[in-house]
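Read the structure below first, then the notes.
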Amino acid sequence: SQPILQIENLKTWLASGKANVRAVDGVSFAIGRNETFALLGESGCGKSMTALSIMRLLPDAGRIQSGSINLEGQDLLALPEVAMRTVRGKRISMIFQEPMTSLNPVMSIGKQIEESLFCHTSLRGKAARNRVLELLRAVGIPDETQRYGEYPFQMSGGMKQRVMIAMALAGEPDLLIADEPTTALDVTIQAQVLDLLRELQQQRNMSILLITHDLGVVSEMAHQVAVMYAGEIVELAPKSQFFSSPFHPYSRKLFASLPGREKREQSLAIIKGSVPPLTQEFVGCRFASRCDYAWELCHSTSPEWTVLGNGHSVRCHLAEKANAGEERPPIIQP
Ligand code: SF4
Ligand code: MG
């Protein structure tokens with residue numbers, strides 16, 4: 001089927017003093033209808049900047065250099081801001097990691113959801129109020145008539161995230177972008193919120209772009225997985241393919257570094273080395289300084305995409321060798 005969203009060669013830079021940080025550096029992917037597409041990677045690899053580029057809600061220093069972001073045949077980057085405002089909320093909504101900071105502390109949660117309805121629908125008065133109660137039920141908030149008048153400080157973190165989800169659903173979006181939606185929540189609540197997102201997706205035929213650093217979340221939620229590293233996507237695969245045979249050395253390190261479920265939040269932090277600075281053009285592979293398999297070619301030439309089959313592609317010279325039936329060269333440690 002036609003994808004709901006198609007991104008081609010997106011480049012988003014952030015001005016930082018005299019330099020430009022190439023936060024998103026040539027990213028392409030497509031999200032299918034009713035599909036959950038996971039963008040996986042360490043913090044600082046460009047996941048959130050990709051999401052904010054789609055919403056065109058970049059920080060002041062951010063600028064989209066090139067590329068296209070196509071929502072069902074419409075290039076969002078070519079839309080005037082006023083038209084983009086009707087896309088936000090109505091076609092694409094976004095929820096964030098920290099529901100606390102996104103909610104207004106001095107307005108009841110019912111009124112806040114109602115404001116979203118005023119923005120994105122023509123519902124007013126009693127019809128709007130009824131819709132709010134319906135949304136509260138839909139996101140699993142019990143005693144909705146009483147909850148309507150409560151304030152954010154009266155709610156737990158999980159409940160607040162449910163309120164944020166209700167606000168995001170107010171305009172009945174086709175695509176929900178969820179940026180680390182459960183990272184701030186404890187494990188039990190995290191599982192409940194993920195269940196809710198899955199349920200809502202099925203009921204509402206919604207696509208989800210899920211941004212996460214957590215392999216567990218990917219395994220529970222995703223249909224497709226894209227691994228992002230230093231501003232670009234390095235591996236793209238259907239979920240089952242990704243979990244049964246991850247190819248890219250970075251992807252494999254993500255699995256190898258899994259310390260067990262209870263310490264999962266820290267899992268990606270223990271890969272040795274750090275993401276290289278993104279202020280200049282890369283000559284070789286971006287992962288070369290941390291890769292156990294790097295050889296000369298990796299330092300001199302940036303790898304192109306290699307198709308491994310079944311919608312599974314990877315950017316790594318090892319894949320080119322494997323596809324050509326060649327031996328892997330000897331490992332040279334830097
Ligand atoms: Fe490692 Fe080379 Fe593959 Fe990059 S291209 S991930 S350095 S083997
Ligand atoms: Mg982020």
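The way I read the labels, and the way they are meant: chains A, B, ... in the order of the structure tokens, residue 1 as the first residue of every chain, and ligand 1 as the first ligand shown, with later ones counted on from there.
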Ligand 2 neighbours within 8 Å using only C-alpha atoms and all ligand atoms, as a PyMOL selection string
chain A and resi 43-44+46-49+179-180+211-212
Interface rows for segment 166-241 of chain A against segment 305-314 of chain A: nearest pair, Å to one decimal, 7 Å, only C-alpha atoms, as JSON lines:
{"residue": "A:Val234", "atom": "CA", "partner": "A:Val314", "partner_atom": "CA", "distance": 5.6}
{"residue": "A:Glu235", "atom": "CA", "partner": "A:Val314", "partner_atom": "CA", "distance": 4.3}
{"residue": "A:Leu236", "atom": "CA", "partner": "A:Ser313", "partner_atom": "CA", "distance": 5.3}
{"residue": "A:Ala237", "atom": "CA", "partner": "A:His312", "partner_atom": "CA", "distance": 4.3}
{"residue": "A:Pro238", "atom": "CA", "partner": "A:Gly311", "partner_atom": "CA", "distance": 6.6}
Apply DSSP to the structure's backbone, then extract all residues of segment 11-198 of chain A labelled alpha helix (DSSP H) and return them as number ranges by chain.
A: 47-55, 81-87, 99-102, 109-120, 125-138, 144-147, 157-169, 187-198
Neighbours of Ile271 of chain A within 8 Å (only C-alpha atoms; same-chain residues fewer than 3 positions away dropped), as a PyMOL selection string?
chain A and resi 253-254+257+268+274
Residues within 7 Å of ligand 1 (only C-alpha atoms and all ligand atoms), as a PyMOL selection string?
chain A and resi 248-250+285-288+291-295+298+303+315-318
Separating atom CA of Ile92 of chain A from atom CA of Val24 of chain A, to the nearest tenth of an Å, is a gap of 20.0 Å
Can you list, as a ChimeraX atom specification, every protein, DNA or RNA residue that comes within 7 Å of Ile113 of chain A when you count only C-alpha atoms, leaving out same-chain residues fewer than 2 positions away?
/A:109-111,115-117,132,166-167
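Summary of the local environment: counting only C-alpha atoms, residues at most 10 Å from Pro277 of chain A, other than itself and those fewer than 6 positions away along its chain, are Val21, Arg22, Ala23, Ala230 and Arg286 of chain A.
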Tell me, as JSON, numbers by chain, which residues lie within 10 Å of Thr188 of chain A, counting only C-alpha atoms; anything in the same chain fewer than 4 positions away does not count.
{"A": [158, 192, 193]}
Taking only C-alpha atoms into account, which of A:Asn70, A:Thr86, A:Ser244, A:Ser251 comes nearest Glu42 of chain A?
A:Ser251
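For the residues A:Gln190, A:Gln161, A:Gln224, A:Asn20, ranking by smallest atom-to-atom distance to Thr279 of chain A using only C-alpha atoms places A:Asn20 first.
Shortest separation to Ala226 of chain A among A:Val27, A:Ile64, A:Leu39, A:Leu5 occurs at residue A:Leu39, atoms counted being only C-alpha atoms.
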Selection near segment 73-77 of chain A, 12 Å with only C-alpha atoms, sequence-local residues under 5 positions removed, as a ChimeraX atom specification
/A:2-8,10-12,53-57,63-68,82-88,91-92
